[in-house]
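Enquirer: Sending over a structure as structure tokens; questions will come in a sec.
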Amino acid sequence: MQVIKDFKTAKRILSSKEEFGPPNMYNYIELIEKESGIDFTELKRHLKMFLPFMHGKEHLDIRKPVNKIFTHLAIERFNSNIIEAIEYRLNEIEKIKNDSIDLIVDICDNFYIDMTEILFGVKISDRKEFIKQIEIATKSVERMASVSQFIKLQNVLIDLNNLIIKQYDNFPANSLFKVISEHTKNIMTKEEIVSLLIVLLIAPRATTETISHIMVAYSEMEDEKIRKYSSFEWVNNHVDDLIRLYASTNLLSKETKKDVKINGKIIPKGTQVLIDIPSINRDNKQYGEQVELEKIDDYSPSISHLTFGSGSHKCLGAELSKNIIKEFIPRFFEKFPIIKCDLSKQIFYKAEIATRIKNLPAKFIESN
């Protein structure tokens, strides 16, 4: 295993098609299946369609047509859904704002489910159970999970598959999943489309987790600075800076496709290479002093960062994620100008690939 912490090397690794590729999770599960004697047929079926683990022609055959739905301009058609989900959550928060509130459970977790329903078009009957399932599903990118975790993951993927299948023919006309299913129905089987939708259902979890980290950072600021850094104009101009500094993602995983040289050292074929996102997104050689929010220039419209990856495997939903953050942060702080978090009572999920907060008590403060 090799860990990369500088921007230049990470950019090369994430952009290279010849030297580096996605981790071969399918073969890894087959090995676990053989050694454990447990049938992971359903797990393998879904992982075979997980875009982060696909490469070459198979990856491009799916990625190219779906890309058209997730471009900067195309994704704007869903802004009304995003705003509707935000406004619904803000109204729900208003009902409990004078009581004890949990930044994660009451705000970010519920907003994630609001988007699942209003943006994606999937109705959730049991919110608590759904969050538990998604927590397990995020383990799909952790290669060294235990056999028991893979069993849980397979069961969750089966449940999510059934959830989507039951609603497949009734997605609202303006929902993201309806658009995707209609756009891909002539090039993919229904089974393949559902597996793709499961990936896209899980992925936005990272966006709401990033929102939680941004809110924690703002909660530590003085009132005047919160107003500056949460304005529509500032967030719109600096959404990439916010994601660069406060993304929940810790690691991106690649695998060497042949013997390669990294920083003068030969790395054998088949070695897992981990991209340390927090370190890379704060690399002084790339960003100078702008590794703290308060040192960022007043206007930087196209800051380069690697939170979403790079090259052919750059996150499909990058523009969607940015739109969600651009709409959520200003609207939240416009309605609730000051929120303070009790960091002494912060609880995290156990995860290596991301810093994921599970519980964080908070309270609203009246602004001066």
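So you can find residues: chains in the structure tokens are A, B, ... in the order shown, residues in each start at 1, and ligands are numbered from 1 in order.
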Can you check which residues of segment 115-352 of chain A DSSP gives as strand (DSSP E or B) on the backbone and send them as a compact mmCIF listing (two decimals) with N, CA and C atoms, in the first residue's frame?

Expert:
```txt
# COMPACT_ATOMS: atom_id res chain seq x y z
N THR A 249 -14.52 13.38 2.56
CA THR A 249 -13.66 12.35 1.97
C THR A 249 -12.23 12.44 2.50
N LEU A 251 -9.90 9.50 1.71
CA LEU A 251 -9.07 8.69 0.82
C LEU A 251 -9.78 8.34 -0.48
N LEU A 252 -9.04 8.40 -1.58
CA LEU A 252 -9.47 7.83 -2.86
C LEU A 252 -8.51 6.69 -3.16
N SER A 253 -9.05 5.58 -3.67
CA SER A 253 -8.24 4.39 -3.87
C SER A 253 -8.01 4.10 -5.35
N LYS A 254 -6.77 3.82 -5.70
CA LYS A 254 -6.41 3.37 -7.04
C LYS A 254 -5.54 2.12 -6.92
N GLU A 255 -5.32 1.46 -8.05
CA GLU A 255 -4.50 0.24 -8.07
C GLU A 255 -3.57 0.29 -9.26
N THR A 256 -2.30 -0.05 -9.05
CA THR A 256 -1.34 -0.01 -10.15
C THR A 256 -1.65 -1.11 -11.16
N VAL A 260 5.13 0.76 -11.60
CA VAL A 260 5.24 2.19 -11.89
C VAL A 260 6.20 2.84 -10.90
N LYS A 261 6.75 3.97 -11.30
CA LYS A 261 7.65 4.72 -10.42
C LYS A 261 6.90 5.92 -9.85
N ILE A 262 6.87 6.00 -8.51
CA ILE A 262 6.24 7.13 -7.82
C ILE A 262 7.28 7.75 -6.90
N LYS A 265 10.42 5.77 -6.49
CA LYS A 265 10.31 4.42 -5.94
C LYS A 265 9.44 3.56 -6.85
N ILE A 266 9.89 2.33 -7.15
CA ILE A 266 9.11 1.42 -7.98
C ILE A 266 8.00 0.79 -7.15
N ILE A 267 6.77 0.94 -7.64
CA ILE A 267 5.60 0.37 -6.97
C ILE A 267 5.11 -0.80 -7.84
N GLN A 272 -2.19 -1.26 -3.99
CA GLN A 272 -3.21 -0.26 -3.72
C GLN A 272 -2.53 1.07 -3.41
N VAL A 273 -2.98 2.12 -4.08
CA VAL A 273 -2.44 3.46 -3.87
C VAL A 273 -3.56 4.33 -3.32
N LEU A 274 -3.34 4.94 -2.16
CA LEU A 274 -4.36 5.75 -1.51
C LEU A 274 -4.02 7.24 -1.65
N ILE A 275 -4.99 8.00 -2.11
CA ILE A 275 -4.83 9.44 -2.27
C ILE A 275 -5.38 10.12 -1.02
N ASP A 276 -4.50 10.78 -0.27
CA ASP A 276 -4.88 11.45 0.98
C ASP A 276 -5.46 12.82 0.64
N ILE A 338 -26.86 31.97 13.32
CA ILE A 338 -25.79 31.48 14.17
C ILE A 338 -26.18 30.13 14.76
N ILE A 339 -25.33 29.13 14.56
CA ILE A 339 -25.52 27.83 15.18
C ILE A 339 -24.21 27.44 15.86
N LYS A 340 -24.30 26.99 17.08
CA LYS A 340 -23.12 26.60 17.84
C LYS A 340 -23.17 25.11 18.14
N CYS A 341 -22.06 24.43 17.92
CA CYS A 341 -21.99 22.98 18.11
C CYS A 341 -21.21 22.64 19.38
N ILE A 347 -19.69 12.62 18.07
CA ILE A 347 -19.46 11.18 17.88
C ILE A 347 -19.28 10.92 16.39
N PHE A 348 -18.28 10.09 16.05
CA PHE A 348 -18.00 9.80 14.64
C PHE A 348 -18.34 8.34 14.32
```

Enquirer: Where does DSSP see alpha helix (DSSP H) in segment 200-240 of chain A, if you list the residues as a PyMOL selection string?

Expert: chain A and resi 200-202+205-219+223-229+232-240

Enquirer: I'd like the neighbourhood of Val179 of chain A as a PyMOL selection string, where a residue qualifies if any of its atoms comes within 12 Å (using only C-alpha atoms), though same-chain residues fewer than 2 positions away should be ignored.

Expert: chain A and resi 65-66+68-70+74-75+77-78+119-121+168-177+181-185+193+197

Enquirer: Take the residues from that selection and put them in a file with N, CA, C and O atoms, as an mmCIF file, in the first residue's frame.

Expert:
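This is the output file again-v5.cif:
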```cif
data_model
loop_
_atom_site.group_PDB
_atom_site.id
_atom_site.type_symbol
_atom_site.label_atom_id
_atom_site.label_comp_id
_atom_site.auth_asym_id
_atom_site.auth_seq_id
_atom_site.Cartn_x
_atom_site.Cartn_y
_atom_site.Cartn_z
ATOM 1 N N PRO A 65 -23.099 8.247 -21.867
ATOM 2 C CA PRO A 65 -24.486 8.730 -21.990
ATOM 3 C C PRO A 65 -25.023 9.374 -20.712
ATOM 4 O O PRO A 65 -25.791 10.335 -20.766
ATOM 5 N N VAL A 66 -24.617 8.869 -19.550
ATOM 6 C CA VAL A 66 -25.104 9.428 -18.284
ATOM 7 C C VAL A 66 -24.461 10.782 -18.013
ATOM 8 O O VAL A 66 -25.062 11.648 -17.370
ATOM 9 N N LYS A 68 -24.193 13.237 -19.839
ATOM 10 C CA LYS A 68 -25.000 14.315 -20.408
ATOM 11 C C LYS A 68 -26.032 14.853 -19.419
ATOM 12 O O LYS A 68 -26.449 16.000 -19.509
ATOM 13 N N ILE A 69 -26.435 14.018 -18.478
ATOM 14 C CA ILE A 69 -27.433 14.429 -17.489
ATOM 15 C C ILE A 69 -26.786 15.230 -16.365
ATOM 16 O O ILE A 69 -27.460 16.009 -15.688
ATOM 17 N N PHE A 70 -25.465 15.053 -16.181
ATOM 18 C CA PHE A 70 -24.786 15.633 -15.022
ATOM 19 C C PHE A 70 -23.829 16.769 -15.364
ATOM 20 O O PHE A 70 -22.988 17.130 -14.545
ATOM 21 N N ALA A 74 -26.894 20.974 -17.613
ATOM 22 C CA ALA A 74 -27.999 20.008 -17.543
ATOM 23 C C ALA A 74 -28.522 19.859 -16.124
ATOM 24 O O ALA A 74 -29.734 19.680 -15.910
ATOM 25 N N ILE A 75 -27.649 19.957 -15.150
ATOM 26 C CA ILE A 75 -28.054 19.708 -13.767
ATOM 27 C C ILE A 75 -28.907 20.851 -13.221
ATOM 28 O O ILE A 75 -29.632 20.683 -12.229
ATOM 29 N N ARG A 77 -31.552 21.952 -14.338
ATOM 30 C CA ARG A 77 -32.977 21.637 -14.446
ATOM 31 C C ARG A 77 -33.534 21.085 -13.143
ATOM 32 O O ARG A 77 -34.748 21.104 -12.927
ATOM 33 N N PHE A 78 -32.633 20.601 -12.257
ATOM 34 C CA PHE A 78 -33.075 20.010 -10.987
ATOM 35 C C PHE A 78 -32.940 20.979 -9.808
ATOM 36 O O PHE A 78 -33.186 20.596 -8.674
ATOM 37 N N LEU A 119 -35.616 15.107 -4.872
ATOM 38 C CA LEU A 119 -34.717 15.220 -6.025
ATOM 39 C C LEU A 119 -34.636 13.917 -6.814
ATOM 40 O O LEU A 119 -34.812 13.904 -8.030
ATOM 41 N N PHE A 120 -34.396 12.814 -6.120
ATOM 42 C CA PHE A 120 -34.237 11.528 -6.803
ATOM 43 C C PHE A 120 -35.569 10.868 -7.127
ATOM 44 O O PHE A 120 -35.676 10.113 -8.082
ATOM 45 N N GLY A 121 -36.570 11.106 -6.301
ATOM 46 C CA GLY A 121 -37.892 10.559 -6.583
ATOM 47 C C GLY A 121 -38.190 9.243 -5.918
ATOM 48 O O GLY A 121 -39.106 8.532 -6.313
ATOM 49 N N TYR A 168 -39.923 1.895 -9.430
ATOM 50 C CA TYR A 168 -39.266 2.184 -10.710
ATOM 51 C C TYR A 168 -40.200 2.799 -11.749
ATOM 52 O O TYR A 168 -39.846 3.753 -12.449
ATOM 53 N N ASP A 169 -41.399 2.266 -11.877
ATOM 54 C CA ASP A 169 -42.329 2.742 -12.906
ATOM 55 C C ASP A 169 -43.108 3.972 -12.479
ATOM 56 O O ASP A 169 -43.919 4.497 -13.257
ATOM 57 N N ASN A 170 -42.868 4.437 -11.248
ATOM 58 C CA ASN A 170 -43.650 5.561 -10.740
ATOM 59 C C ASN A 170 -42.797 6.719 -10.236
ATOM 60 O O ASN A 170 -43.279 7.540 -9.447
ATOM 61 N N PHE A 171 -41.540 6.801 -10.693
ATOM 62 C CA PHE A 171 -40.739 7.959 -10.338
ATOM 63 C C PHE A 171 -41.419 9.220 -10.870
ATOM 64 O O PHE A 171 -41.904 9.227 -12.004
ATOM 65 N N PRO A 172 -41.483 10.294 -10.086
ATOM 66 C CA PRO A 172 -42.075 11.541 -10.587
ATOM 67 C C PRO A 172 -41.384 12.017 -11.866
ATOM 68 O O PRO A 172 -40.179 11.841 -12.037
ATOM 69 N N ALA A 173 -42.152 12.624 -12.745
ATOM 70 C CA ALA A 173 -41.643 13.013 -14.070
ATOM 71 C C ALA A 173 -40.447 13.958 -13.994
ATOM 72 O O ALA A 173 -39.560 13.914 -14.846
ATOM 73 N N ASN A 174 -40.397 14.815 -12.972
ATOM 74 C CA ASN A 174 -39.307 15.797 -12.861
ATOM 75 C C ASN A 174 -38.170 15.333 -11.968
ATOM 76 O O ASN A 174 -37.277 16.107 -11.624
ATOM 77 N N SER A 175 -38.180 14.052 -11.584
ATOM 78 C CA SER A 175 -37.139 13.542 -10.689
ATOM 79 C C SER A 175 -35.902 13.093 -11.467
ATOM 80 O O SER A 175 -35.985 12.711 -12.644
ATOM 81 N N LEU A 176 -34.758 13.118 -10.801
ATOM 82 C CA LEU A 176 -33.496 12.711 -11.423
ATOM 83 C C LEU A 176 -33.537 11.258 -11.866
ATOM 84 O O LEU A 176 -33.070 10.918 -12.962
ATOM 85 N N PHE A 177 -34.088 10.381 -11.035
ATOM 86 C CA PHE A 177 -34.112 8.958 -11.386
ATOM 87 C C PHE A 177 -35.010 8.672 -12.580
ATOM 88 O O PHE A 177 -34.737 7.758 -13.357
ATOM 89 N N SER A 181 -33.488 6.887 -15.873
ATOM 90 C CA SER A 181 -34.066 5.623 -16.352
ATOM 91 C C SER A 181 -34.579 5.753 -17.780
ATOM 92 O O SER A 181 -34.422 4.821 -18.591
ATOM 93 N N GLU A 182 -35.170 6.891 -18.111
ATOM 94 C CA GLU A 182 -35.652 7.101 -19.477
ATOM 95 C C GLU A 182 -34.488 7.251 -20.449
ATOM 96 O O GLU A 182 -34.538 6.766 -21.585
ATOM 97 N N HIS A 183 -33.439 7.905 -20.006
ATOM 98 C CA HIS A 183 -32.293 8.187 -20.865
ATOM 99 C C HIS A 183 -31.470 6.934 -21.169
ATOM 100 O O HIS A 183 -30.797 6.870 -22.204
ATOM 101 N N THR A 184 -31.520 5.945 -20.292
ATOM 102 C CA THR A 184 -30.655 4.768 -20.438
ATOM 103 C C THR A 184 -31.424 3.495 -20.821
ATOM 104 O O THR A 184 -30.794 2.442 -21.002
ATOM 105 N N LYS A 185 -32.728 3.562 -20.945
ATOM 106 C CA LYS A 185 -33.517 2.344 -21.130
ATOM 107 C C LYS A 185 -33.215 1.597 -22.420
ATOM 108 O O LYS A 185 -33.451 0.390 -22.515
ATOM 109 N N ILE A 193 -29.743 -0.720 -14.850
ATOM 110 C CA ILE A 193 -30.137 0.644 -14.495
ATOM 111 C C ILE A 193 -30.365 0.758 -12.996
ATOM 112 O O ILE A 193 -29.934 1.716 -12.356
ATOM 113 N N LEU A 197 -28.617 3.188 -10.321
ATOM 114 C CA LEU A 197 -29.375 4.100 -9.466
ATOM 115 C C LEU A 197 -29.023 3.918 -7.992
ATOM 116 O O LEU A 197 -29.029 4.885 -7.222
#
```

Enquirer: Of the candidates A:Asn98, A:Gln286, A:Ser212, A:Ser231, which one gets nearest to Gln346 of chain A if we count only C-alpha atoms?

Expert: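 The answer is A:Ser212, which sits nearest to Gln346 of chain A.
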
Enquirer: Go through A:His46, A:Lys34, A:Arg89, A:Lys97 one by one, measure the shortest atom-to-atom distance of each to Gln154 of chain A using only C-alpha atoms, and give the residue with the smallest value.

Expert: A:His46

Enquirer: How close does segment 262-336 of chain A get to segment 215-228 of chain A? List, as CSV, each residue of segment 262-336 of chain A within 12 Å, its nearest atom pair and the distance in Å to one decimal, counting only C-alpha atoms.

Expert:
```
residue,atom,partner,partner_atom,distance
A:Glu292,CA,A:Ala217,CA,10.7
A:Leu293,CA,A:Ala217,CA,9.1
A:Glu294,CA,A:Lys225,CA,8.9
A:Asp298,CA,A:Lys228,CA,10.6
A:Ile325,CA,A:Met215,CA,11.0
A:Phe328,CA,A:Met215,CA,10.6
A:Ile329,CA,A:Met215,CA,8.0
A:Pro330,CA,A:Arg227,CA,9.1
A:Arg331,CA,A:Arg227,CA,11.6
A:Phe332,CA,A:Met215,CA,9.6
A:Phe333,CA,A:Arg227,CA,7.7
A:Glu334,CA,A:Arg227,CA,8.3
A:Lys335,CA,A:Arg227,CA,11.4
A:Phe336,CA,A:Arg227,CA,10.7
```

Enquirer: For the residues in that selection, give me N, CA, C and O atoms as a tab-separated table (two decimals), in the first residue's frame.

Expert:
```
chain	number	residue	atom	x	y	z
A	292	GLU	N	-6.48	27.77	4.64
A	292	GLU	CA	-7.44	28.11	5.69
A	292	GLU	C	-8.49	29.01	5.08
A	292	GLU	O	-8.20	29.84	4.20
A	293	LEU	N	-9.71	28.86	5.54
A	293	LEU	CA	-10.83	29.61	4.96
A	293	LEU	C	-10.59	31.11	4.96
A	293	LEU	O	-10.84	31.80	3.97
A	294	GLU	N	-10.07	31.64	6.05
A	294	GLU	CA	-9.93	33.08	6.18
A	294	GLU	C	-8.77	33.66	5.37
A	294	GLU	O	-8.60	34.88	5.33
A	298	ASP	N	-10.55	36.96	-2.21
A	298	ASP	CA	-11.95	37.37	-2.29
A	298	ASP	C	-12.67	36.72	-3.46
A	298	ASP	O	-13.87	36.48	-3.40
A	325	ILE	N	-24.71	22.34	-2.36
A	325	ILE	CA	-24.02	23.13	-1.34
A	325	ILE	C	-24.24	24.62	-1.56
A	325	ILE	O	-24.48	25.38	-0.60
A	328	PHE	N	-27.80	25.24	-0.32
A	328	PHE	CA	-28.11	24.94	1.08
A	328	PHE	C	-27.47	25.92	2.06
A	328	PHE	O	-28.16	26.47	2.95
A	329	ILE	N	-26.17	26.14	1.95
A	329	ILE	CA	-25.45	26.93	2.95
A	329	ILE	C	-26.02	28.35	3.08
A	329	ILE	O	-26.32	28.80	4.20
A	330	PRO	N	-26.18	29.10	1.99
A	330	PRO	CA	-26.73	30.47	2.15
A	330	PRO	C	-28.15	30.47	2.71
A	330	PRO	O	-28.47	31.32	3.55
A	331	ARG	N	-28.98	29.55	2.25
A	331	ARG	CA	-30.37	29.52	2.72
A	331	ARG	C	-30.45	29.15	4.20
A	331	ARG	O	-31.26	29.71	4.93
A	332	PHE	N	-29.62	28.22	4.62
A	332	PHE	CA	-29.64	27.82	6.02
A	332	PHE	C	-29.25	29.00	6.92
A	332	PHE	O	-29.95	29.32	7.89
A	333	PHE	N	-28.12	29.63	6.62
A	333	PHE	CA	-27.62	30.69	7.50
A	333	PHE	C	-28.41	32.00	7.36
A	333	PHE	O	-28.34	32.86	8.22
A	334	GLU	N	-29.12	32.14	6.26
A	334	GLU	CA	-30.02	33.28	6.13
A	334	GLU	C	-31.18	33.13	7.11
A	334	GLU	O	-31.64	34.11	7.71
A	335	LYS	N	-31.64	31.91	7.30
A	335	LYS	CA	-32.76	31.63	8.20
A	335	LYS	C	-32.30	31.46	9.64
A	335	LYS	O	-32.97	31.89	10.59
A	336	PHE	N	-31.14	30.82	9.81
A	336	PHE	CA	-30.59	30.56	11.15
A	336	PHE	C	-29.15	31.11	11.17
A	336	PHE	O	-28.20	30.36	10.95
```

Enquirer: Select, from A:Asn284, A:Glu209, A:Pro278, A:Leu47, the residue with the minimum atom-to-atom distance to Pro23 of chain A, counting only C-alpha atoms.

Expert: A:Leu47

Enquirer: Using only C-alpha atoms, which of A:Met54, A:Asn359, A:Arg12, A:Leu200 sits nearest Met25 of chain A?

Expert: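 Ranked by minimum distance to Met25 of chain A, first place goes to A:Met54.
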
Enquirer: Mind checking which residues fall within 9 Å of Ala206 of chain A, counting only C-alpha atoms, ignoring those fewer than 4 positions away in the same chain, and posting them as a list of chain:residue names?

Expert: A:Ile202, A:Thr210, A:Ile211, A:Ala247, A:Ser248, A:Thr249, A:Ser321, A:Ala354, A:Arg356

Enquirer: Neighbours of Lys64 of chain A within 12 Å (only C-alpha atoms; same-chain residues fewer than 2 positions away dropped), as a CSV table (one decimal) with all heavy atoms, in the first residue's frame?

Expert:
```csv
chain,number,residue,atom,x,y,z
A,51,LEU,N,-19.9,2.3,-10.8
A,51,LEU,CA,-19.0,3.1,-11.7
A,51,LEU,C,-17.6,3.3,-11.1
A,51,LEU,O,-16.6,3.2,-11.9
A,51,LEU,CB,-19.6,4.5,-12.0
A,51,LEU,CG,-20.7,4.5,-13.1
A,51,LEU,CD1,-21.4,5.8,-13.1
A,51,LEU,CD2,-20.1,4.1,-14.5
A,56,GLY,N,-12.2,1.0,-18.5
A,56,GLY,CA,-12.2,0.7,-19.9
A,56,GLY,C,-13.5,0.9,-20.6
A,56,GLY,O,-14.3,1.7,-20.2
A,57,LYS,N,-13.8,0.0,-21.6
A,57,LYS,CA,-15.0,0.2,-22.4
A,57,LYS,C,-16.3,0.0,-21.6
A,57,LYS,O,-17.2,0.8,-21.8
A,57,LYS,CB,-15.0,-0.9,-23.5
A,57,LYS,CG,-16.1,-0.7,-24.5
A,57,LYS,CD,-16.0,-1.7,-25.6
A,57,LYS,CE,-17.1,-1.5,-26.7
A,57,LYS,NZ,-18.4,-1.6,-26.1
A,58,GLU,N,-16.3,-0.9,-20.6
A,58,GLU,CA,-17.5,-1.1,-19.8
A,58,GLU,C,-17.8,0.2,-19.0
A,58,GLU,O,-19.0,0.6,-19.0
A,58,GLU,CB,-17.3,-2.2,-18.8
A,58,GLU,CG,-17.2,-3.6,-19.4
A,58,GLU,CD,-17.0,-4.7,-18.3
A,58,GLU,OE1,-16.5,-4.4,-17.2
A,58,GLU,OE2,-17.4,-5.8,-18.6
A,59,HIS,N,-16.8,0.9,-18.5
A,59,HIS,CA,-17.0,2.1,-17.8
A,59,HIS,C,-17.5,3.2,-18.7
A,59,HIS,O,-18.5,3.9,-18.5
A,59,HIS,CB,-15.7,2.5,-17.1
A,59,HIS,CG,-15.8,3.8,-16.4
A,59,HIS,ND1,-15.4,5.0,-16.9
A,59,HIS,CD2,-16.3,4.2,-15.2
A,59,HIS,CE1,-15.6,6.0,-16.1
A,59,HIS,NE2,-16.1,5.5,-15.0
A,60,LEU,N,-16.9,3.3,-19.9
A,60,LEU,CA,-17.2,4.4,-20.8
A,60,LEU,C,-18.6,4.2,-21.4
A,60,LEU,O,-19.3,5.2,-21.7
A,60,LEU,CB,-16.2,4.5,-21.9
A,60,LEU,CG,-14.8,5.0,-21.5
A,60,LEU,CD1,-13.8,5.0,-22.7
A,60,LEU,CD2,-14.9,6.4,-21.0
A,61,ASP,N,-19.0,3.0,-21.7
A,61,ASP,CA,-20.3,2.7,-22.3
A,61,ASP,C,-21.5,3.2,-21.4
A,61,ASP,O,-22.5,3.5,-21.9
A,61,ASP,CB,-20.5,1.2,-22.5
A,61,ASP,CG,-19.7,0.7,-23.7
A,61,ASP,OD1,-19.2,1.5,-24.5
A,61,ASP,OD2,-19.5,-0.6,-23.9
A,62,ILE,N,-21.3,3.2,-20.1
A,62,ILE,CA,-22.3,3.7,-19.2
A,62,ILE,C,-22.0,5.2,-18.9
A,62,ILE,O,-23.0,6.0,-18.9
A,62,ILE,CB,-22.3,2.9,-17.9
A,62,ILE,CG1,-22.7,1.5,-18.2
A,62,ILE,CG2,-23.2,3.6,-16.9
A,62,ILE,CD1,-22.6,0.6,-16.9
A,66,VAL,N,-24.6,8.9,-19.6
A,66,VAL,CA,-25.1,9.4,-18.3
A,66,VAL,C,-24.5,10.8,-18.0
A,66,VAL,O,-25.1,11.6,-17.4
A,66,VAL,CB,-24.8,8.5,-17.1
A,66,VAL,CG1,-25.3,9.0,-15.8
A,66,VAL,CG2,-25.5,7.1,-17.4
A,67,ASN,N,-23.3,11.0,-18.5
A,67,ASN,CA,-22.6,12.3,-18.3
A,67,ASN,C,-23.4,13.5,-18.8
A,67,ASN,O,-23.4,14.5,-18.2
A,67,ASN,CB,-21.3,12.3,-19.1
A,67,ASN,CG,-20.1,11.9,-18.3
A,67,ASN,OD1,-20.1,11.7,-17.1
A,67,ASN,ND2,-19.0,11.6,-19.0
A,68,LYS,N,-24.2,13.2,-19.8
A,68,LYS,CA,-25.0,14.3,-20.4
A,68,LYS,C,-26.0,14.9,-19.4
A,68,LYS,O,-26.4,16.0,-19.5
A,68,LYS,CB,-25.7,13.8,-21.7
A,68,LYS,CG,-24.7,13.4,-22.8
A,68,LYS,CD,-25.5,12.9,-24.0
A,68,LYS,CE,-24.5,12.4,-25.1
A,68,LYS,NZ,-25.2,11.8,-26.2
A,69,ILE,N,-26.4,14.0,-18.5
A,69,ILE,CA,-27.4,14.4,-17.5
A,69,ILE,C,-26.8,15.2,-16.4
A,69,ILE,O,-27.5,16.0,-15.7
A,69,ILE,CB,-28.1,13.2,-16.9
A,69,ILE,CG1,-28.8,12.4,-18.0
A,69,ILE,CG2,-29.2,13.6,-15.9
A,69,ILE,CD1,-29.4,11.0,-17.6
A,70,PHE,N,-25.5,15.1,-16.2
A,70,PHE,CA,-24.8,15.6,-15.0
A,70,PHE,C,-23.8,16.8,-15.4
A,70,PHE,O,-23.0,17.1,-14.5
A,70,PHE,CB,-24.0,14.5,-14.3
A,70,PHE,CG,-24.9,13.6,-13.5
A,70,PHE,CD1,-25.4,12.5,-14.1
A,70,PHE,CD2,-25.3,13.9,-12.2
A,70,PHE,CE1,-26.3,11.6,-13.4
A,70,PHE,CE2,-26.1,13.0,-11.5
A,70,PHE,CZ,-26.6,11.9,-12.1
A,71,THR,N,-24.0,17.3,-16.6
A,71,THR,CA,-23.1,18.5,-16.9
A,71,THR,C,-23.6,19.7,-16.1
A,71,THR,O,-24.7,19.7,-15.5
A,71,THR,CB,-23.2,18.8,-18.4
A,71,THR,OG1,-24.5,19.2,-18.7
A,71,THR,CG2,-22.8,17.6,-19.2
A,183,HIS,N,-33.4,7.9,-20.0
A,183,HIS,CA,-32.3,8.2,-20.9
A,183,HIS,C,-31.5,6.9,-21.2
A,183,HIS,O,-30.8,6.9,-22.2
A,183,HIS,CB,-31.4,9.2,-20.2
A,183,HIS,CG,-30.4,9.8,-21.1
A,183,HIS,ND1,-30.7,10.7,-22.1
A,183,HIS,CD2,-29.0,9.6,-21.1
A,183,HIS,CE1,-29.6,11.1,-22.7
A,183,HIS,NE2,-28.5,10.4,-22.2
A,184,THR,N,-31.5,5.9,-20.3
A,184,THR,CA,-30.7,4.8,-20.4
A,184,THR,C,-31.4,3.5,-20.8
A,184,THR,O,-30.8,2.4,-21.0
A,184,THR,CB,-29.9,4.5,-19.1
A,184,THR,OG1,-30.8,4.4,-18.1
A,184,THR,CG2,-28.9,5.6,-18.8
A,187,ILE,N,-30.1,1.4,-23.8
A,187,ILE,CA,-28.7,1.0,-23.8
A,187,ILE,C,-28.3,0.1,-22.6
A,187,ILE,O,-27.3,-0.5,-22.6
A,187,ILE,CB,-27.8,2.2,-23.9
A,187,ILE,CG1,-28.0,3.1,-22.6
A,187,ILE,CG2,-27.9,3.0,-25.2
A,187,ILE,CD1,-27.0,4.2,-22.5
A,312,SER,N,-11.0,10.2,-16.2
A,312,SER,CA,-12.3,9.5,-16.6
A,312,SER,C,-13.1,9.1,-15.4
A,312,SER,O,-14.3,8.9,-15.6
A,312,SER,CB,-11.9,8.3,-17.5
A,312,SER,OG,-11.2,7.4,-16.8
A,313,HIS,N,-12.5,9.0,-14.2
A,313,HIS,CA,-13.3,8.5,-13.1
A,313,HIS,C,-13.6,9.7,-12.1
A,313,HIS,O,-14.0,9.5,-11.0
A,313,HIS,CB,-12.5,7.5,-12.3
A,313,HIS,CG,-12.7,6.1,-12.8
A,313,HIS,ND1,-12.0,5.6,-13.9
A,313,HIS,CD2,-13.6,5.1,-12.4
A,313,HIS,CE1,-12.4,4.4,-14.1
A,313,HIS,NE2,-13.4,4.1,-13.2
A,316,LEU,N,-19.1,11.6,-11.0
A,316,LEU,CA,-20.2,11.9,-12.0
A,316,LEU,C,-21.0,13.0,-11.4
A,316,LEU,O,-21.5,13.9,-12.2
A,316,LEU,CB,-21.0,10.6,-12.2
A,316,LEU,CG,-22.2,10.8,-13.1
A,316,LEU,CD1,-21.8,11.1,-14.6
A,316,LEU,CD2,-23.1,9.5,-13.1
```

Enquirer: Excluding Phe232 of chain A and any residue of its chain fewer than 2 positions from it, enumerate the residues within 9 Å of it, using only C-alpha atoms, and give them as a list of chain:residue names.

Expert: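 Surrounding residues, per the criterion: A:Tyr229, A:Ser230, A:Trp234, A:Val235, A:Asn236, A:Asn237, A:Lys326, A:Glu327, A:Ile329, A:Pro330, A:Arg331.
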